[in-house]
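For reference, protein.pdb is printed below; it contains PDB, C-alpha atoms and all ligand atoms.
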ATOM      1  CA  MET A   2     -26.407 -10.286  26.804
ATOM      2  CA  GLU A   3     -23.228  -8.351  27.073
ATOM      3  CA  PRO A   4     -23.178  -5.074  28.935
ATOM      4  CA  VAL A   5     -23.361  -2.046  26.685
ATOM      5  CA  ARG A   6     -20.990   0.907  26.948
ATOM      6  CA  THR A   7     -20.810   4.259  25.218
ATOM      7  CA  CYS A   8     -17.770   5.112  23.108
ATOM      8  CA  VAL A   9     -16.302   8.419  24.296
ATOM      9  CA  GLY A  10     -15.195   9.175  20.756
ATOM     10  CA  CYS A  11     -18.347   8.871  18.664
ATOM     11  CA  ARG A  12     -20.882   8.511  21.497
ATOM     12  CA  ALA A  13     -22.297   5.371  19.919
ATOM     13  CA  ARG A  14     -23.271   2.498  22.134
ATOM     14  CA  ALA A  15     -21.561  -0.818  21.658
ATOM     15  CA  SER A  16     -21.084  -4.018  23.551
ATOM     16  CA  ARG A  17     -18.186  -4.227  25.944
ATOM     17  CA  SER A  18     -16.241  -6.619  23.747
ATOM     18  CA  ASP A  19     -16.321  -4.213  20.803
ATOM     19  CA  LEU A  20     -14.716  -1.414  22.779
ATOM     20  CA  LEU A  21     -11.383  -0.860  24.458
ATOM     21  CA  ARG A  22     -11.134   0.264  28.041
ATOM     22  CA  VAL A  23      -8.911   3.167  28.944
ATOM     23  CA  VAL A  24      -7.936   4.179  32.448
ATOM     24  CA  ALA A  25      -5.877   6.988  33.908
ATOM     25  CA  VAL A  26      -2.697   6.015  35.733
ATOM     26  CA  ASP A  27      -0.577   8.801  37.186
ATOM     27  CA  SER A  28      -2.086  11.371  34.817
ATOM     28  CA  SER A  29      -1.435   9.189  31.796
ATOM     29  CA  LEU A  30      -4.028   7.458  29.722
ATOM     30  CA  VAL A  31      -3.353   3.763  29.554
ATOM     31  CA  LEU A  32      -5.029   1.044  27.578
ATOM     32  CA  ASP A  33      -6.550  -1.485  29.931
ATOM     33  CA  GLU A  34      -5.893  -4.569  27.843
ATOM     34  CA  ARG A  35      -7.717  -6.964  30.124
ATOM     35  CA  LYS A  36     -10.496  -4.552  31.049
ATOM     36  CA  ALA A  37      -9.816  -5.331  34.666
ATOM     37  CA  MET A  38      -7.935  -2.388  36.083
ATOM     38  CA  PRO A  39      -9.445  -0.654  39.095
ATOM     39  CA  GLY A  40     -10.939   2.794  38.980
ATOM     40  CA  ARG A  41     -12.988   4.587  36.401
ATOM     41  CA  GLY A  42     -12.710   3.501  32.820
ATOM     42  CA  ALA A  43     -13.498   5.185  29.540
ATOM     43  CA  TRP A  44     -14.626   3.107  26.611
ATOM     44  CA  VAL A  45     -13.650   3.747  23.037
ATOM     45  CA  HIS A  46     -13.791   1.977  19.694
ATOM     46  CA  PRO A  47     -10.456   0.549  18.528
ATOM     47  CA  SER A  48     -10.214   3.103  15.755
ATOM     48  CA  ASN A  49      -8.071   6.160  15.237
ATOM     49  CA  GLU A  50     -11.141   8.260  14.508
ATOM     50  CA  CYS A  51     -12.755   7.576  17.853
ATOM     51  CA  VAL A  52      -9.533   7.979  19.818
ATOM     52  CA  ASP A  53      -8.729  11.237  18.039
ATOM     53  CA  ALA A  54     -12.213  12.578  18.594
ATOM     54  CA  ALA A  55     -12.098  11.679  22.269
ATOM     55  CA  VAL A  56      -8.701  13.334  22.713
ATOM     56  CA  ARG A  57      -9.765  16.471  20.839
ATOM     57  CA  ARG A  58     -12.960  16.875  22.816
ATOM     58  CA  ARG A  59     -11.224  16.031  26.074
ATOM     59  CA  ALA A  60     -13.769  13.305  26.523
ATOM     60  CA  PHE A  61     -11.274  11.119  28.368
ATOM     61  CA  VAL A  62     -10.692  13.829  30.938
ATOM     62  CA  ARG A  63     -14.391  14.119  31.552
ATOM     63  CA  ALA A  64     -15.127  10.409  31.510
ATOM     64  CA  LEU A  65     -12.322   9.606  33.915
ATOM     65  CA  ARG A  66     -12.859  12.695  36.068
ATOM     66  CA  VAL A  67      -9.212  13.586  35.995
ATOM     67  CA  SER A  68      -8.284  16.993  37.301
ATOM     68  CA  GLY A  69      -5.558  18.866  35.518
ATOM     69  CA  GLN A  70      -3.423  17.654  32.674
ATOM     70  CA  LEU A  71      -3.772  14.241  31.193
ATOM     71  CA  ASP A  72      -1.064  12.734  29.045
ATOM     72  CA  THR A  73      -2.839  11.415  25.980
ATOM     73  CA  GLN A  74       0.309  10.877  23.959
ATOM     74  CA  THR A  75       1.125   7.503  25.467
ATOM     75  CA  LEU A  76      -2.314   6.272  24.603
ATOM     76  CA  THR A  77      -2.329   7.514  21.042
ATOM     77  CA  GLN A  78       1.059   5.886  20.525
ATOM     78  CA  THR A  79      -0.197   2.613  21.949
ATOM     79  CA  PHE A  80      -3.197   2.825  19.694
ATOM     80  CA  THR A  81      -1.217   3.596  16.591
ATOM     81  CA  LYS A  82       1.011   0.595  17.225
ATOM     82  CA  ARG A  83      -1.892  -1.620  18.058
ATOM     83  CA  LEU A  84      -4.039  -0.660  15.105
ATOM     84  CA  ASN A  85      -1.152  -1.010  12.714
ATOM     85  CA  GLY A  86      -0.405  -4.467  14.033
ATOM     86  CA  TYR A  87      -3.919  -5.722  13.532
ATOM     87  CA  GLY A  88      -4.528  -7.669  10.325
ATOM     88  CA  ASN A  89      -2.702  -4.974   8.445
ATOM     89  CA  LYS A  90       0.242  -6.865   7.115
ATOM     90  CA  VAL A  91      -0.295  -5.721   3.568
ATOM     91  CA  ASN A  92       2.845  -3.659   3.318
ATOM     92  CA  GLY A  93       5.006  -6.715   3.945
ATOM     93  CA  SER A  94       6.955  -5.329   6.870
ATOM     94  CA  LYS A  95       7.024  -8.062   9.489
TER      95      LYS A  95
HETATM   96 ZN    ZN B 101     -16.549   5.186  18.609
END
Translate the structure of the given file into structure tokens.
Ligand SMILES: [Zn+2]
Amino acid sequence: MEPVRTCVGCRARASRSDLLRVVAVDSSLVLDERKAMPGRGAWVHPSNECVDAAVRRRAFVRALRVSGQLDTQTLTQTFTKRLNGYGNKVNGSK
């Protein structure tokens, strides 16, 4: 069985492969594409809802134990790009 993690956005439990791993690098939230970066990781569903909820509730800050400001903008941008690029080619733009 796959290890189970809790999504910091909706607090639901899901298997590791259903979630994305996020780490803090130099006070910025970064998507850990290969789920292999060192340090603490926060897990979140690949959905705007969960990412937004986690950012709003500062769940990333708590999960990653970051002190002070955390730049969440980079992550939300990465997510927006990523989610838009996934099987969402309906609008015809390459
Ligand atoms: Zn979630």
| task | Determine the residue set returned by the PyMOL selection byres (((chain A and resi 68-77) around 7) and not hetatm) for the present structure, and present it as a ChimeraX atom specification. | result | /A:28-32,56,62,66-67,78-81
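Of the listed residues (A:Arg12, A:Lys82, A:Met2, A:Ala43), A:Arg12 comes nearest to ligand ZN 101 (chain B); the distances count all atoms listed in the file.
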| task | Could you tell me which residues the PyMOL selection byres (((chain A and resi 3-7) around 9) and not hetatm) returns for this structure, as a VMD selection string? | result | chain A and resid 2 8 to 18 20 43 to 45
| query | Hey, what's within 9 Å of Asp33 in chain A if we count all atoms listed in the file and toss same-chain stuff fewer than 5 positions away? As JSON, numbers by chain, please? | reply | {"A": [21, 22, 23, 24, 38, 42]}
| Length of the CA of Glu34 in chain A to CA of Arg58 in chain A vector [Å] | 23.1 Å
| task | Work out how far apart CA of Leu65 in chain A and CA of Arg41 in chain A are and give it in Å to one decimal. | result | 5.6 Å
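Across the model, the gap from CA of Gly86 in chain A to CA of Ala60 in chain A is 25.5 Å.
Among the candidates A:Arg35, A:Ala25, A:Glu50, A:Leu84, the residue lying nearest to ligand ZN 101 (chain B) is A:Glu50 (atoms considered: all atoms listed in the file).
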